[in-house]
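Novice: Take a look at this one; I'll ask things after.
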Amino acid sequence: MIRCLIALLLLSTTIVTAGELSTLQVVSTNPPHAALNVSTRTTIDITFDKPIDLGFFGKGVRAFGVFGRWSGPANGSFELLNDNRTFRFTPDDPFFAGENVFVTLSNDWTAADRSKIRTAGYSFSFWTHARRSPMQFEQVQVLDVRTSPSQPTQAYGGIASDLNNDGYSDITIVNEITADLRVFMNTADNDQPFAPFTQPTFGVGNRASPSEPADFNGDNAIDICVANIDDDTVSVLLGNGDGTFDEQIVIPVGAAPRGIAVLDFDGDGDPDIANTNAAGSSVSLIENLGGGNFAPATFFEAGGSGEWSMMAADMNKDGIMDLVIGARTSQSMIVQLGNGDGTFSFASSTPCGGLTWMIAVGDVNSDGNEDVVSANSQSNNASVLFGDGQGGLSGLQTYTTGAFCLATDLGDLDGDGDLDWTTSSFVGREWRIFTNGGSGNFSFFDTVSAPQAGSCTLLHDVDNDGDNDLSLIDEIEDVVFVHINSGQALFADFDGGGSVDLSDYSAFHNCTNGQHPTIDCEVFDGDLDGDVDFVDFGRFQISFTGPTSE
């Protein structure tokens with residue numbers, strides 16, 4: 001009997017430990033990688049190759065995170081479907097219109113057979129839907145960033161994130177001369193959307209420049225990191241969830257940090273920081289240790305000269321965030337692929353068309369691969385490079401801009417489901433808008449003049465009407481011009497044909513019976529309640545047949 005028990009114990013031990021269990025794999029996500037035009041009310045599905053066990057949830061790990069660049073951390077509920085192979089997250093609140101959303105899975109994920117996901121975890125991002133608009137921008141407010149007219153601040157860039165979780169986009173401006181952040185809270189008043197900046201202001205380093213939002217300490221409040229060019233440091237300011245920030249955490253980096261990016265580069269679920277060091281010709285990596293603590297920076301050579309601009313994106317579609325680095329001196333765009341363990345591997349270096357200053361990343365030709373746009377400063381142009389989905393870039397296209405183009409941004413301004421483009425020209429005193437033809441072929445749309453220096457644009461939904469508006473920053477005048485996307489697209493013009501006709505009627509009918517993709521139905525949601533229902537049908541009937549005769 002004892003011999004039988006020993007044999008059974010040995011067999012049991014062998015079953016558990018013999019060989020290595022196959023790694024838990026992510027099979028698909030919905031929305032997919034780099035998806036465009038995703039419903040602001042989307043659920044997020046992650047499907048695995050085997051049933052999963054959520055026993056690791058609630059054990060002090062950041063196993064799963066969803067972060068909208070403007071809406072911030074998403075809270076919600078989750079469930080298991082498809083024989084426990086599909087994890088579904090349902091956000092409590094809709095995402096903001098036209099924003100970039102990031103999803104992160106840590107390396108804590110475990111299958112029912114006790115196999116684990118790879119060390120790198122898994123990350124992806126997508127863009128939410130913006131409503132159709134003919135882009136008739138109307139200036140509704142000018143925000144003064146100065147305390148007094150005689151005290152310049154040099155308002156260089158910022159973020160448009162919701163700092164107090166009221167569902168409206170606030171503006172945080174980073175100032176080079178006064179070395180602080182100045183926060184304009186959204187009042188939800190369409191005539192004067194923003195209050196004067198909060199005082200006292202929030203200190204950062206000297207000549208603070210690029211910035212990115214994140215939730216670094218996992219408290220569901222938006223934080224910010226800022227590169228300080230003259231101090232050779234990065235500042236992290238933890239948000240309090242009410243529009244204020246704690247005192248900065250200062251992290252020494254390399255010489256003249258110019259670009260900054262947020263990504264989970266070691267798979268633990270916490271957002272880490274990377275930055276370029278223009279004078280040091282290197283990249284810094286700052287590991288997030290959790291709870292608002294950071295490790296000292298480490299460094300690597302990116303493969304160019306004068307590393308300047310930077311963005312994080314998954315350039316080879318492996319579920320690990322990579323770094324795209326604009327090298328100004330060598331006029332090249334470098335892709336460093338993330339290995340998921342805190343290291344990176346060189347993938348490609350491609351001529352970028354000029355002296356890069358700032359870049360943005362998104363799928364501009366709708367092929368499912370991340371592409372790159374670059375503002376090329378004294379080259380007086382901006383460029384587009386198309387990603388091949390393997391870490392390579394090609395197909396360089398350049399577009400003429402105003403003199404000294406130093407900022408570039410992407411977002412769907414006309415609501416047609418692709419990413420449009422803005423550039424800012426310092427010497428040229430202008431902002432330019434380019435519309436996307438759908439395949440990454442851009443056409444000049446309009447110019448907005450700047451009083452002294454076109455420095456940056458923030459593309460965000462100021463008034464919560466579902467389309468992208470513009471906040472335009474002039475760093476010499478120290479003002480922000482708030483332009484509302486005031487033009488109203490024809491309600492129920494599903495195909496954008498300029499009239500409501502039989503094709504629109506057919507699409508509306510499909511939306512009401514659930515036979516049409518949800519995202520396309522948002523054009524019929526006239527009362528913005530998230531459903532296409534009888535109220536919307538009444539409006540549609542008027543658009544289609546005209547008002548009913550009395």
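Residue numbering restarts at 1 for every chain of the structure tokens, chains are lettered A, B, ... in their displayed order, and ligands are numbered from 1 as they appear.
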I'd like the neighbourhood of A:Ala155 as an MDAnalysis selection string, where a residue qualifies if any of its atoms comes within 12 Å (using only C-alpha atoms), though same-chain residues fewer than 5 positions away should be ignored.
Specialist: chainID A and resid 143:146 171:183 207:210 453:457 472:480
Novice: Got a sec: who's within 8 Å of A:Ser486, counting only C-alpha atoms, leaving out chain neighbours fewer than 5 positions off, as a PyMOL selection string?
Specialist: chain A and resi 135-138
Novice: Could you give me, as a CSV table (one decimal) with N, CA, C and O atoms, in the first residue's frame, the residues within 9 Å of A:Leu263, counting only C-alpha atoms and dropping anything in the same chain fewer than 2 positions from it?
Specialist:
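File produced: selection.csv:
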```csv
chain,number,residue,atom,x,y,z
A,123,SER,N,1.1,44.2,-25.0
A,123,SER,CA,0.6,45.6,-25.1
A,123,SER,C,0.1,45.8,-26.5
A,123,SER,O,0.6,45.3,-27.5
A,261,ALA,N,8.9,59.2,-24.0
A,261,ALA,CA,7.9,58.2,-24.3
A,261,ALA,C,7.6,57.4,-23.1
A,261,ALA,O,8.5,57.2,-22.2
A,265,PHE,N,8.3,48.6,-20.7
A,265,PHE,CA,9.4,47.9,-21.5
A,265,PHE,C,9.9,46.6,-20.8
A,265,PHE,O,10.7,45.9,-21.3
A,266,ASP,N,9.4,46.3,-19.5
A,266,ASP,CA,9.9,45.2,-18.9
A,266,ASP,C,8.8,44.2,-18.5
A,266,ASP,O,9.1,43.2,-17.8
A,270,ASP,N,3.7,48.1,-15.1
A,270,ASP,CA,3.9,49.5,-14.8
A,270,ASP,C,4.4,50.3,-16.0
A,270,ASP,O,5.3,49.8,-16.7
A,271,PRO,N,3.9,51.5,-16.3
A,271,PRO,CA,4.5,52.3,-17.3
A,271,PRO,C,5.9,52.8,-17.0
A,271,PRO,O,6.0,53.4,-15.9
A,272,ASP,N,6.8,52.5,-17.8
A,272,ASP,CA,8.2,53.0,-17.7
A,272,ASP,C,8.4,54.2,-18.6
A,272,ASP,O,7.5,54.6,-19.4
A,273,ILE,N,9.6,54.8,-18.5
A,273,ILE,CA,9.9,56.0,-19.3
A,273,ILE,C,11.1,55.8,-20.1
A,273,ILE,O,12.1,55.2,-19.6
A,274,ALA,N,11.1,56.3,-21.4
A,274,ALA,CA,12.3,56.4,-22.2
A,274,ALA,C,12.5,57.8,-22.7
A,274,ALA,O,11.5,58.5,-22.9
A,312,ALA,N,6.6,55.8,-28.7
A,312,ALA,CA,6.5,54.4,-28.4
A,312,ALA,C,5.4,53.9,-29.2
A,312,ALA,O,4.3,54.4,-29.3
A,313,ALA,N,5.6,52.7,-29.9
A,313,ALA,CA,4.5,52.0,-30.7
A,313,ALA,C,5.0,50.6,-31.0
A,313,ALA,O,6.2,50.3,-30.9
A,321,MET,N,5.8,46.9,-27.0
A,321,MET,CA,6.0,48.3,-27.5
A,321,MET,C,7.5,48.5,-27.8
A,321,MET,O,8.4,48.1,-27.1
A,322,ASP,N,7.7,49.2,-28.9
A,322,ASP,CA,9.0,49.5,-29.4
A,322,ASP,C,9.3,51.0,-29.3
A,322,ASP,O,8.4,51.8,-28.9
A,323,LEU,N,10.4,51.5,-29.7
A,323,LEU,CA,10.8,52.9,-29.7
A,323,LEU,C,11.1,53.3,-31.1
A,323,LEU,O,11.9,52.7,-31.8
```
Novice: What's around stretch 349-354 of chain A at 9 Å? Count only C-alpha atoms, leave out sequence neighbours fewer than 3 positions away in its own chain, and write the answer as a PyMOL selection string.
Specialist: chain A and resi 303-304+326-328+330-335+346+373-385+392-394+396-398
Novice: Mind dumping the selected residues with C-alpha atoms as a short mmCIF file (atom, residue, chain, number, x, y, z; two decimals), in the first residue's frame?
Specialist:
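The new file part_8.cif reads:
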```
data_model
loop_
_atom_site.label_atom_id
_atom_site.label_comp_id
_atom_site.auth_asym_id
_atom_site.auth_seq_id
_atom_site.Cartn_x
_atom_site.Cartn_y
_atom_site.Cartn_z
CA GLY A 303 22.16 53.87 -33.82
CA GLY A 304 22.01 57.45 -35.02
CA GLY A 326 14.29 60.61 -34.72
CA ALA A 327 18.03 61.31 -35.00
CA ARG A 328 18.35 64.97 -35.93
CA SER A 330 21.96 62.03 -39.05
CA GLN A 331 18.47 62.93 -40.36
CA SER A 332 17.26 59.39 -39.84
CA MET A 333 14.32 57.57 -38.26
CA ILE A 334 15.42 54.63 -36.13
CA VAL A 335 13.30 51.74 -34.90
CA PHE A 346 18.11 47.71 -33.49
CA VAL A 373 5.21 61.51 -39.37
CA SER A 374 8.03 63.93 -38.63
CA ALA A 375 8.34 67.72 -38.29
CA ASN A 376 11.72 68.58 -39.78
CA SER A 377 12.55 72.04 -38.33
CA GLN A 378 14.99 74.07 -40.44
CA SER A 379 14.39 71.75 -43.39
CA ASN A 380 11.02 73.55 -43.62
CA ASN A 381 9.10 70.38 -44.32
CA ALA A 382 7.30 67.49 -42.71
CA SER A 383 7.54 63.87 -43.78
CA VAL A 384 5.69 60.57 -43.72
CA LEU A 385 7.30 57.13 -43.45
CA GLY A 392 11.08 48.76 -41.12
CA LEU A 393 10.10 52.12 -42.62
CA SER A 394 9.93 53.13 -46.28
CA LEU A 396 9.32 58.60 -47.67
CA GLN A 397 7.01 61.47 -48.62
CA THR A 398 7.75 65.10 -47.78
#
```
Novice: Find the residues near A:Pro94: any atom within 10 Å, counting only C-alpha atoms, skip ones fewer than 2 places away on the same chain, and give them as a VMD selection string.
Specialist: chain A and resid 39 to 43 71 74 90 to 92 96 to 97 128 167 530
Novice: Find the spatial neighbours of A:Leu105, counting only C-alpha atoms, within a cut-off of 10 Å - ignore same-chain residues fewer than 5 positions away - and output them as number ranges by chain.
Specialist: A: 46, 62-66, 117, 120-124, 264, 267-270, 319
Novice: Would you output that residue set with C-alpha atoms, as a tab-separated table (two decimals), in the first residue's frame?
Specialist:
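Contents of part29.tsv, freshly written:
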```
chain	number	residue	atom	x	y	z
A	46	ILE	CA	-8.19	39.45	-25.38
A	62	ARG	CA	-0.91	45.66	-12.14
A	63	ALA	CA	-1.99	42.76	-14.30
A	64	PHE	CA	-4.22	44.69	-16.67
A	65	GLY	CA	-4.39	48.36	-17.56
A	66	VAL	CA	-6.26	50.50	-20.07
A	117	ILE	CA	2.46	34.40	-20.46
A	120	ALA	CA	7.29	40.66	-21.86
A	121	GLY	CA	3.55	40.56	-21.17
A	122	TYR	CA	1.45	42.02	-23.98
A	123	SER	CA	0.61	45.56	-25.13
A	124	PHE	CA	-1.37	47.16	-27.97
A	264	ASP	CA	5.97	49.08	-20.29
A	267	GLY	CA	6.52	43.42	-18.81
A	268	ASP	CA	5.58	44.09	-15.19
A	269	GLY	CA	2.50	46.15	-16.06
A	270	ASP	CA	3.88	49.48	-14.79
A	319	GLY	CA	2.55	42.80	-28.67
```
Novice: Please identify the strand (DSSP E or B) residues within stretch 208-298 of chain A (assignment by DSSP from backbone atoms) and present them as a PyMOL selection string.
Specialist: chain A and resi 208-214+223-228+233-237+239+245+249-252+257-263+272-277+282-286+288-290+293-294+298
